[in-house]
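A.B. asks: One file: entry.txt (compact mmCIF, C-alpha atoms).
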```
# COMPACT_ATOMS: atom_id res chain seq x y z
CA MET A 26 66.94 96.66 103.42
CA ARG A 27 68.43 97.22 106.85
CA THR A 28 70.43 94.43 108.39
CA PRO A 29 70.16 93.39 112.06
CA ALA A 30 71.94 95.76 114.43
CA SER A 31 74.23 92.92 115.54
CA ARG A 32 75.76 92.65 112.07
CA ARG A 33 78.96 94.69 112.11
CA ARG A 34 79.60 97.22 109.36
CA VAL A 35 83.06 97.32 107.77
CA LEU A 36 84.33 99.80 105.21
CA VAL A 37 87.02 98.40 102.89
CA THR A 38 88.78 100.91 100.67
CA GLY A 39 90.49 99.35 97.69
CA GLY A 40 88.29 96.29 98.16
CA ALA A 41 88.28 95.50 94.44
CA GLY A 42 92.07 95.14 94.35
CA PHE A 43 94.31 92.12 94.83
CA ILE A 44 94.44 92.04 98.63
CA GLY A 45 91.04 93.69 98.87
CA ILE A 46 89.11 91.02 96.99
CA HIS A 47 90.41 88.32 99.35
CA SER A 48 89.76 90.47 102.42
CA VAL A 49 86.19 91.26 101.39
CA ALA A 50 85.50 87.57 100.76
CA ALA A 51 86.81 86.68 104.23
CA LEU A 52 84.77 89.42 105.89
CA ASN A 53 81.71 88.27 103.98
CA ARG A 54 82.21 84.72 105.25
CA GLU A 55 82.47 86.05 108.80
CA GLY A 56 79.07 87.72 108.47
CA PHE A 57 80.13 91.37 108.25
CA GLU A 58 78.17 93.94 106.30
CA VAL A 59 80.79 95.22 103.85
CA LEU A 60 80.93 98.43 101.86
CA VAL A 61 83.72 98.63 99.28
CA LEU A 62 84.96 102.08 98.28
CA ASP A 63 87.17 101.91 95.20
CA ASP A 64 87.91 104.02 92.12
CA LEU A 65 88.48 100.72 90.22
CA ARG A 66 91.72 101.94 88.62
CA HIS A 67 93.59 99.03 90.16
CA ALA A 68 90.80 96.46 90.34
CA CYS A 69 92.05 92.88 90.07
CA GLY A 70 89.25 91.89 87.68
CA GLU A 71 87.61 89.34 89.97
CA PRO A 72 84.01 89.90 91.10
CA LEU A 73 83.25 90.90 94.65
CA PRO A 74 81.25 88.36 96.66
CA ALA A 75 77.48 88.59 96.70
CA GLY A 76 76.29 90.85 99.48
CA ALA A 77 79.19 93.29 99.34
CA ASP A 78 78.18 96.77 98.23
CA LEU A 79 80.40 98.84 95.96
CA ILE A 80 80.70 102.59 95.52
CA GLU A 81 83.05 103.81 92.82
CA ALA A 82 84.66 107.08 93.92
CA GLU A 83 87.98 108.83 94.52
CA LEU A 84 88.86 108.65 98.21
CA SER A 85 89.29 112.40 98.59
CA SER A 86 86.04 113.22 96.80
CA PRO A 87 82.80 114.50 98.37
CA GLN A 88 81.12 111.34 97.06
CA ALA A 89 83.45 109.17 99.11
CA ALA A 90 82.86 111.24 102.25
CA ALA A 91 79.10 111.00 101.71
CA ALA A 92 79.35 107.24 101.28
CA VAL A 93 81.19 106.83 104.58
CA ALA A 94 78.75 109.13 106.37
CA GLY A 95 75.78 107.18 105.04
CA PHE A 96 77.24 103.76 105.85
CA ARG A 97 78.49 104.68 109.33
CA PRO A 98 81.16 101.95 109.51
CA GLN A 99 82.10 100.51 112.86
CA LEU A 100 85.40 99.29 111.43
CA ALA A 101 87.53 100.42 108.49
CA LEU A 102 90.19 98.55 106.51
CA HIS A 103 92.10 101.04 104.37
CA LEU A 104 93.76 99.11 101.54
CA ALA A 105 93.38 101.63 98.70
CA ALA A 106 96.68 102.97 97.39
CA GLN A 107 98.56 103.81 94.24
CA GLY A 108 101.24 101.15 94.13
CA GLY A 109 104.56 101.13 92.37
CA VAL A 110 107.85 102.56 93.61
CA SER A 111 108.96 103.57 90.12
CA ARG A 112 105.66 105.30 89.46
CA SER A 113 106.02 107.28 92.69
CA VAL A 114 109.52 108.38 91.66
CA ARG A 115 108.20 109.60 88.30
CA ASP A 116 105.30 111.48 89.93
CA PRO A 117 105.82 112.14 93.65
CA ALA A 118 103.02 114.71 93.82
CA GLY A 119 100.53 112.35 92.20
CA ASP A 120 101.58 109.57 94.55
CA ALA A 121 101.08 111.83 97.58
CA GLN A 122 97.67 112.94 96.34
CA VAL A 123 96.41 109.36 96.34
CA ASN A 124 98.39 107.80 99.16
CA VAL A 125 98.55 110.68 101.63
CA VAL A 126 95.59 112.95 100.88
CA GLY A 127 93.31 109.96 100.24
CA THR A 128 94.32 108.39 103.55
CA VAL A 129 93.73 111.63 105.48
CA ALA A 130 90.33 112.03 103.81
CA MET A 131 89.30 108.52 104.89
CA LEU A 132 90.56 109.05 108.43
CA LYS A 133 88.50 112.23 108.75
CA ALA A 134 85.41 110.68 107.19
CA CYS A 135 85.62 107.63 109.45
CA ALA A 136 86.21 109.75 112.56
CA ASP A 137 83.20 111.91 111.70
CA ALA A 138 81.07 108.79 111.14
CA GLY A 139 81.87 107.38 114.59
CA CYS A 140 84.11 104.55 113.37
CA ARG A 141 85.56 102.54 116.25
CA ARG A 142 88.73 101.22 114.57
CA PHE A 143 90.84 102.07 111.50
CA VAL A 144 93.38 99.60 110.09
CA PHE A 145 95.84 100.89 107.49
CA ALA A 146 97.78 98.85 104.91
CA SER A 147 101.33 100.15 105.19
CA SER A 148 104.59 98.73 103.82
CA GLY A 149 107.57 97.18 105.58
CA GLY A 150 110.25 97.27 102.91
CA ALA A 151 109.28 100.70 101.57
CA ILE A 152 109.32 102.30 105.03
CA TYR A 153 112.46 100.68 106.45
CA GLY A 154 114.59 101.25 103.35
CA ARG A 155 118.05 99.67 103.59
CA ALA A 156 117.84 98.47 107.17
CA ALA A 157 121.17 97.70 108.81
CA HIS A 158 119.81 94.56 110.48
CA LEU A 159 117.41 91.99 109.04
CA PRO A 160 114.76 91.03 109.72
CA ALA A 161 113.71 94.61 110.44
CA ALA A 162 111.68 94.91 113.63
CA GLU A 163 108.97 97.52 114.18
CA ARG A 164 111.40 99.58 116.28
CA THR A 165 113.73 99.97 113.26
CA ALA A 166 114.11 103.65 112.36
CA PRO A 167 112.12 104.41 109.17
CA ARG A 168 114.30 105.51 106.24
CA PRO A 169 112.14 105.39 103.09
CA LEU A 170 113.99 105.66 99.79
CA SER A 171 111.00 106.39 97.56
CA PRO A 172 108.02 108.75 97.53
CA TYR A 173 105.82 105.67 97.93
CA GLY A 174 107.58 104.73 101.17
CA ALA A 175 107.49 108.33 102.37
CA ALA A 176 103.74 108.45 101.69
CA LYS A 177 103.16 105.28 103.71
CA LEU A 178 105.19 106.71 106.58
CA ALA A 179 103.21 109.95 106.39
CA GLY A 180 100.02 107.90 106.52
CA GLU A 181 101.21 106.26 109.72
CA GLY A 182 101.90 109.71 111.15
CA TYR A 183 98.35 110.75 110.44
CA LEU A 184 97.08 107.55 112.06
CA GLY A 185 98.82 108.59 115.27
CA LEU A 186 97.41 112.10 115.00
CA PHE A 187 93.83 110.90 114.55
CA SER A 188 94.24 108.47 117.42
CA ARG A 189 95.45 111.23 119.76
CA THR A 190 93.28 114.13 118.58
CA PHE A 191 90.11 112.51 117.24
CA HIS A 192 90.17 109.44 119.53
CA LEU A 193 89.99 107.04 116.58
CA PRO A 194 91.83 103.79 117.43
CA THR A 195 94.25 103.02 114.60
CA LEU A 196 96.73 100.35 113.59
CA ALA A 197 99.21 100.16 110.69
CA LEU A 198 100.05 96.78 109.18
CA ARG A 199 103.43 96.84 107.48
CA TYR A 200 103.08 94.23 104.77
CA SER A 201 106.06 92.42 103.31
CA ASN A 202 105.98 91.31 99.64
CA VAL A 203 102.49 89.87 99.25
CA TYR A 204 101.79 87.29 96.53
CA GLY A 205 98.90 85.06 95.56
CA PRO A 206 95.89 84.52 93.29
CA PHE A 207 94.50 87.52 91.37
CA GLN A 208 97.72 89.55 91.66
CA ASP A 209 98.48 91.64 88.58
CA GLY A 210 101.27 90.05 86.54
CA THR A 211 101.56 92.90 84.05
CA GLY A 212 102.69 95.73 86.35
CA GLU A 213 106.07 96.76 87.71
CA ALA A 214 105.74 95.10 91.13
CA GLY A 215 105.08 91.54 92.25
CA VAL A 216 107.88 89.27 91.04
CA VAL A 217 105.84 86.10 91.63
CA ALA A 218 102.85 87.25 89.55
CA ILE A 219 105.04 88.80 86.84
CA THR A 220 107.15 85.65 86.51
CA CYS A 221 104.07 83.44 86.36
CA GLU A 222 102.56 85.67 83.69
CA ARG A 223 105.69 85.43 81.55
CA LEU A 224 106.05 81.68 81.99
CA LEU A 225 102.42 81.06 81.07
CA ALA A 226 102.95 83.19 77.96
CA GLY A 227 105.97 81.10 77.00
CA GLN A 228 108.40 83.93 77.73
CA ALA A 229 111.65 83.83 79.69
CA PRO A 230 111.50 85.14 83.26
CA GLN A 231 113.00 88.59 83.67
CA VAL A 232 115.30 89.15 86.62
CA ARG A 233 116.45 92.62 87.58
CA GLY A 234 120.08 92.94 88.56
CA ASP A 235 121.85 89.74 89.60
CA GLY A 236 118.74 88.27 91.22
CA GLU A 237 120.40 87.87 94.59
CA GLN A 238 118.36 90.68 96.13
CA THR A 239 116.11 89.24 98.80
CA ARG A 240 112.49 89.80 99.82
CA ASP A 241 110.16 88.57 102.53
CA PHE A 242 107.40 86.86 100.55
CA VAL A 243 104.09 86.38 102.36
CA PHE A 244 101.00 84.63 101.00
CA VAL A 245 97.88 86.75 100.57
CA ALA A 246 95.70 84.44 102.70
CA ASP A 247 98.00 85.06 105.67
CA VAL A 248 97.75 88.81 105.08
CA VAL A 249 93.96 88.56 104.99
CA ASP A 250 94.01 86.64 108.25
CA ALA A 251 96.15 89.41 109.76
CA ASN A 252 93.69 92.02 108.47
CA LEU A 253 90.76 90.37 110.22
CA ARG A 254 92.72 89.85 113.42
CA ALA A 255 93.78 93.50 113.35
CA LEU A 256 90.18 94.67 113.01
CA ALA A 257 89.22 92.57 116.04
CA SER A 258 92.20 93.52 118.20
CA HIS A 259 92.97 96.51 120.42
CA ALA A 260 96.58 96.81 119.24
CA THR A 261 97.82 100.23 118.15
CA GLY A 262 100.96 101.54 116.45
CA ALA A 263 102.51 99.43 113.70
CA ILE A 264 102.90 95.68 113.23
CA ASN A 265 104.95 93.81 110.62
CA ILE A 266 103.10 91.25 108.53
CA GLY A 267 105.52 88.75 107.04
CA THR A 268 107.41 85.52 107.53
CA GLY A 269 110.70 86.95 108.82
CA ARG A 270 112.55 84.88 106.21
CA ALA A 271 114.60 86.34 103.36
CA THR A 272 114.32 84.66 99.96
CA SER A 273 116.28 85.70 96.89
CA VAL A 274 114.53 86.58 93.65
CA ASN A 275 116.62 83.93 91.90
CA ALA A 276 115.36 81.26 94.30
CA ILE A 277 111.74 82.26 93.69
CA VAL A 278 112.15 82.33 89.91
CA LYS A 279 113.91 78.95 89.84
CA GLN A 280 111.16 77.41 91.94
CA LEU A 281 108.49 78.77 89.59
CA ILE A 282 110.37 77.45 86.58
CA GLN A 283 110.05 73.95 88.05
CA PHE A 284 106.30 74.24 87.45
CA ALA A 285 106.65 75.49 83.89
CA THR A 286 108.68 74.84 80.75
CA PRO A 287 112.29 75.68 81.60
CA SER A 288 113.66 78.69 79.76
CA PRO A 289 116.83 80.77 80.14
CA LEU A 290 116.73 83.64 82.56
CA GLY A 291 116.28 87.04 80.94
CA GLU A 292 118.02 90.09 82.29
CA GLY A 293 116.38 93.35 83.25
CA ARG A 294 117.27 96.66 84.81
CA GLY A 295 118.78 96.74 88.27
CA ALA A 296 116.54 98.79 90.53
CA GLY A 297 115.16 99.09 94.03
CA LEU A 298 116.30 97.64 97.34
CA SER A 299 118.76 94.76 97.49
CA ARG A 300 117.46 93.24 100.74
CA THR A 301 114.20 93.51 102.61
CA THR A 302 112.87 91.30 105.37
CA CYS A 303 110.44 92.20 108.14
CA ALA A 304 110.52 90.64 111.56
CA ARG A 305 107.70 88.11 111.78
CA ALA A 306 104.31 89.58 112.55
CA ARG A 307 102.72 89.07 115.95
CA CYS A 308 99.28 88.38 114.48
CA ARG A 309 100.16 86.00 111.64
CA SER A 310 98.64 82.51 111.37
CA PRO A 311 97.57 80.17 108.56
CA ALA A 312 94.38 81.19 106.81
CA GLN A 313 91.90 79.41 104.60
CA ARG A 314 92.36 79.85 100.86
CA ARG A 315 88.91 80.00 99.38
CA ARG A 316 87.74 81.99 96.40
CA SER A 317 85.07 84.68 96.46
CA GLY A 318 81.65 84.36 94.88
CA PRO A 319 79.56 86.42 92.43
CA GLY A 320 79.47 90.16 92.05
CA PRO A 321 78.44 93.03 94.32
CA ARG A 322 75.46 95.30 94.63
CA ARG A 323 75.99 98.97 93.87
CA ARG A 324 74.91 101.12 96.79
CA GLN A 325 73.38 104.55 96.23
CA LEU A 326 75.19 107.33 98.05
CA GLY A 327 73.79 108.23 101.45
CA ARG A 328 71.54 105.16 101.71
CA ARG A 329 71.82 102.02 103.82
```
Can the structure from this file be put into structure tokens for me?
C.D. replies:
Amino acid sequence: MRTPASRRRVLVTGGAGFIGIHSVAALNREGFEVLVLDDLRHACGEPLPAGADLIEAELSSPQAAAAVAGFRPQLALHLAAQGGVSRSVRDPAGDAQVNVVGTVAMLKACADAGCRRFVFASSGGAIYGRAAHLPAAERTAPRPLSPYGAAKLAGEGYLGLFSRTFHLPTLALRYSNVYGPFQDGTGEAGVVAITCERLLAGQAPQVRGDGEQTRDFVFVADVVDANLRALASHATGAINIGTGRATSVNAIVKQLIQFATPSPLGEGRGAGLSRTTCARARCRSPAQRRRSGPGPRRRQLGRR
């Protein structure tokens, strides 16, 4: 059934993932017509809200292009990515296939469909690398240290190209370390979720290195609020999304232990950046923290 013309259409890639599920719920509450495009390899396991349509497809596939063409989104929120710095180091080509080629495919499909705005989930820490000054402002020279960071930077380059050549307004949001409900606690990233998972299982927290490495931890509801503001704004270029405050891993782990049975700190491998903090975002504000509802409809390709 067709919706009223006044109802805005938003494409959300990776909408079944951790940040995606919260973003789709917020868009749904705001009255948008939402199409989720996701291959479900990194789905968070929570159901999409009622009214959101889902197409399962690889971003660079003909099926995905057909879905975008049929939906004709006015706005696009590109969250889909293959996460994990270590994974990208093990397989740089595979990381680029998903994070670069997939992004380019979505940019082209959205431009061809007449999309009016494209917002891209980038990464602050992965792009800035070991910044000389913290918090790192948007003008900080990018020096990625991993294929994952290089892929995000390449994605931003393609955003600029599509803005100049295809006249598609674009904006990159450079997220800090996002945490919150529905985050995967079994993977290699997300110290808050991983620590919670271990504590709930009665296991000792695992800290890599000496634990004094710092991160800029930002709550997922604030990131979702930034996503919606970015879709509604006319800003271009890149914007940091974070708190601008550095917090050590040890401090985070100790605070989480206060809410669980105390146990001795375990030790893990030292890896990754020692310090990352992004200068506070210009579009950050408190957001509501409400959970999404029941599951989505599955949309047939090429139909609205």
A.B. asks: Which neighbours of segment 216-218 of chain A fall inside 8 Å, counting only C-alpha atoms, when residues of the same chain fewer than 6 positions from it are skipped, and could you give them as a list of chain:residue names?
C.D. replies: A:Tyr204, A:Gly205, A:Gln208, A:Asp209, A:Gly210, A:Val274, A:Ile277, A:Val278
A.B. asks: Just give me the gap between atom CA of Leu253 of chain A and atom CA of Glu55 of chain A in Å, one decimal is fine.
C.D. replies: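 Value for the atom CA of Leu253 of chain A-atom CA of Glu55 of chain A distance: 9.5 Å.
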A.B. asks: Could you list, as a PyMOL selection string, every residue within 7 Å of Glu163 of chain A, counting all atoms listed in the file and ignoring same-chain residues fewer than 4 positions away?
C.D. replies: chain A and resi 263-265
A.B. asks: When you draw a straight line from atom CA of His103 of chain A to atom CA of Thr38 of chain A, how long is it in Å?
C.D. replies: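 Separating atom CA of His103 of chain A from atom CA of Thr38 of chain A is a distance of 5.0 Å.
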A.B. asks: Report, in Å with one decimal, the straight-line distance from atom CA of Ala130 of chain A to atom CA of Ile80 of chain A.
C.D. replies: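 So the two atoms, atom CA of Ala130 of chain A and atom CA of Ile80 of chain A, lie 15.8 Å apart.
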A.B. asks: Using only C-alpha atoms, which of the listed residues (A:His259, A:Gly40, A:Ser113, A:Asp64) sits closest to Ala77 of chain A?
C.D. replies: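 Result for the nearest residue to Ala77 of chain A: A:Gly40.
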A.B. asks: Out of A:Arg66, A:Arg233, A:Arg141, A:Lys177, which residue has the shortest atom-to-atom distance to Tyr153 of chain A when counting only C-alpha atoms?
C.D. replies: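 So, comparing all the options, the nearest one is A:Lys177.
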A.B. asks: Which residues are close to Pro117 of chain A, i.e. within 8 Å by all atoms listed in the file, leaving aside same-chain residues fewer than 4 positions away? Reply as a list in words.
C.D. replies: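 Neighbouring residues, sequence-local ones excluded: Ser113, Ala121, Pro172 and Tyr173 of chain A.
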A.B. asks: Go ahead and write the selection's residues with C-alpha atoms as a compact mmCIF listing (two decimals), in the coordinates of the input.
C.D. replies:
```txt
# COMPACT_ATOMS: atom_id res chain seq x y z
CA SER A 113 106.02 107.28 92.69
CA ALA A 121 101.08 111.83 97.58
CA PRO A 172 108.02 108.75 97.53
CA TYR A 173 105.82 105.67 97.93
```
A.B. asks: Can you find the residues with an atom no farther than 9 Å from (83.9, 104.2, 96.7), counting all atoms listed in the file, and report them as a ChimeraX atom specification?
C.D. replies: /A:38-39,60-65,79-84,88-89,92-93
A.B. asks: Leaving out Ala134 of chain A and any residue of its chain fewer than 2 positions from it, which residues lie within 12 Å of it when counting all atoms listed in the file, given as a CSV table (one decimal) with C-alpha atoms, keeping the file's coordinate frame?
C.D. replies:
```
chain,number,residue,atom,x,y,z
A,36,LEU,CA,84.3,99.8,105.2
A,84,LEU,CA,88.9,108.6,98.2
A,85,SER,CA,89.3,112.4,98.6
A,86,SER,CA,86.0,113.2,96.8
A,87,PRO,CA,82.8,114.5,98.4
A,88,GLN,CA,81.1,111.3,97.1
A,89,ALA,CA,83.4,109.2,99.1
A,90,ALA,CA,82.9,111.2,102.2
A,91,ALA,CA,79.1,111.0,101.7
A,92,ALA,CA,79.4,107.2,101.3
A,93,VAL,CA,81.2,106.8,104.6
A,94,ALA,CA,78.8,109.1,106.4
A,95,GLY,CA,75.8,107.2,105.0
A,96,PHE,CA,77.2,103.8,105.8
A,97,ARG,CA,78.5,104.7,109.3
A,98,PRO,CA,81.2,102.0,109.5
A,101,ALA,CA,87.5,100.4,108.5
A,127,GLY,CA,93.3,110.0,100.2
A,128,THR,CA,94.3,108.4,103.6
A,129,VAL,CA,93.7,111.6,105.5
A,130,ALA,CA,90.3,112.0,103.8
A,131,MET,CA,89.3,108.5,104.9
A,132,LEU,CA,90.6,109.0,108.4
A,136,ALA,CA,86.2,109.8,112.6
A,137,ASP,CA,83.2,111.9,111.7
A,138,ALA,CA,81.1,108.8,111.1
A,139,GLY,CA,81.9,107.4,114.6
A,140,CYS,CA,84.1,104.6,113.4
A,143,PHE,CA,90.8,102.1,111.5
A,187,PHE,CA,93.8,110.9,114.6
A,191,PHE,CA,90.1,112.5,117.2
A,193,LEU,CA,90.0,107.0,116.6
```
A.B. asks: Taking all atoms listed in the file into account, which of A:Leu73, A:Val125, A:Val114, A:Ala106 comes nearest Leu170 of chain A?
C.D. replies: A:Val114
A.B. asks: Closest to Leu196 of chain A among A:Arg34, A:Arg155, A:Arg254, A:Arg164, using all atoms listed in the file?
C.D. replies: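 Comparing A:Arg34, A:Arg155, A:Arg254, A:Arg164 against Leu196 of chain A, the winner is A:Arg254.
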A.B. asks: Can you pull out every residue within 7 Å of Glu58 of chain A, counting only C-alpha atoms, but drop anything in the same chain fewer than 5 positions away, and send it as a compact mmCIF listing (two decimals) with C-alpha atoms, keeping the file's coordinate frame?
C.D. replies:
```txt
# COMPACT_ATOMS: atom_id res chain seq x y z
CA ARG A 32 75.76 92.65 112.07
CA ARG A 33 78.96 94.69 112.11
CA ARG A 34 79.60 97.22 109.36
CA VAL A 35 83.06 97.32 107.77
```
A.B. asks: Can segment 139-149 of chain A be brought up to all heavy atoms and written out as a compact mmCIF listing (two decimals), keeping the file's coordinate frame?
C.D. replies:
```
# COMPACT_ATOMS: atom_id res chain seq x y z
N GLY A 139 81.90 108.14 113.35
CA GLY A 139 81.87 107.38 114.59
C GLY A 139 82.52 106.02 114.49
O GLY A 139 82.21 105.12 115.30
N CYS A 140 83.42 105.84 113.53
CA CYS A 140 84.11 104.55 113.37
C CYS A 140 84.90 104.23 114.63
O CYS A 140 85.49 105.11 115.27
CB CYS A 140 85.04 104.63 112.16
SG CYS A 140 85.87 103.09 111.75
N ARG A 141 84.94 102.96 115.00
CA ARG A 141 85.56 102.54 116.25
C ARG A 141 86.99 102.01 116.07
O ARG A 141 87.72 101.84 117.05
CB ARG A 141 84.72 101.45 116.91
CG ARG A 141 83.30 101.90 117.22
CD ARG A 141 82.46 100.74 117.69
NE ARG A 141 81.05 101.12 117.79
CZ ARG A 141 80.07 100.24 118.02
NH1 ARG A 141 80.36 98.96 118.18
NH2 ARG A 141 78.82 100.66 118.09
N ARG A 142 87.38 101.74 114.81
CA ARG A 142 88.73 101.22 114.57
C ARG A 142 89.10 101.40 113.10
O ARG A 142 88.28 101.17 112.22
CB ARG A 142 88.83 99.75 114.96
CG ARG A 142 90.26 99.20 114.86
CD ARG A 142 90.41 97.98 115.75
NE ARG A 142 91.75 97.42 115.69
CZ ARG A 142 92.81 97.91 116.34
NH1 ARG A 142 92.67 99.00 117.08
NH2 ARG A 142 93.99 97.34 116.26
N PHE A 143 90.36 101.80 112.85
CA PHE A 143 90.84 102.07 111.50
C PHE A 143 92.16 101.34 111.32
O PHE A 143 93.14 101.61 112.01
CB PHE A 143 91.03 103.58 111.32
CG PHE A 143 91.31 104.03 109.91
CD1 PHE A 143 90.30 104.57 109.13
CD2 PHE A 143 92.59 103.93 109.37
CE1 PHE A 143 90.55 105.00 107.83
CE2 PHE A 143 92.85 104.35 108.07
CZ PHE A 143 91.83 104.89 107.30
N VAL A 144 92.18 100.38 110.38
CA VAL A 144 93.38 99.60 110.09
C VAL A 144 93.91 100.00 108.72
O VAL A 144 93.17 100.04 107.74
CB VAL A 144 93.08 98.08 110.12
CG1 VAL A 144 94.31 97.28 109.69
CG2 VAL A 144 92.63 97.67 111.52
N PHE A 145 95.19 100.30 108.66
CA PHE A 145 95.84 100.89 107.49
C PHE A 145 96.87 99.91 106.92
O PHE A 145 97.70 99.37 107.64
CB PHE A 145 96.53 102.18 107.92
CG PHE A 145 97.43 102.83 106.90
CD1 PHE A 145 96.95 103.18 105.65
CD2 PHE A 145 98.75 103.10 107.20
CE1 PHE A 145 97.78 103.80 104.72
CE2 PHE A 145 99.59 103.73 106.30
CZ PHE A 145 99.10 104.07 105.04
N ALA A 146 96.80 99.69 105.60
CA ALA A 146 97.78 98.85 104.91
C ALA A 146 99.03 99.67 104.61
O ALA A 146 99.05 100.50 103.70
CB ALA A 146 97.19 98.30 103.62
N SER A 147 100.07 99.45 105.40
CA SER A 147 101.33 100.15 105.19
C SER A 147 102.31 99.20 104.50
O SER A 147 101.92 98.18 103.94
CB SER A 147 101.88 100.64 106.54
OG SER A 147 102.98 101.50 106.35
N SER A 148 103.59 99.53 104.54
CA SER A 148 104.59 98.73 103.82
C SER A 148 105.85 98.61 104.67
O SER A 148 106.37 99.62 105.16
CB SER A 148 104.92 99.37 102.48
OG SER A 148 106.05 98.76 101.88
N GLY A 149 106.34 97.38 104.83
CA GLY A 149 107.57 97.18 105.58
C GLY A 149 108.80 97.62 104.82
O GLY A 149 109.53 98.52 105.22
```
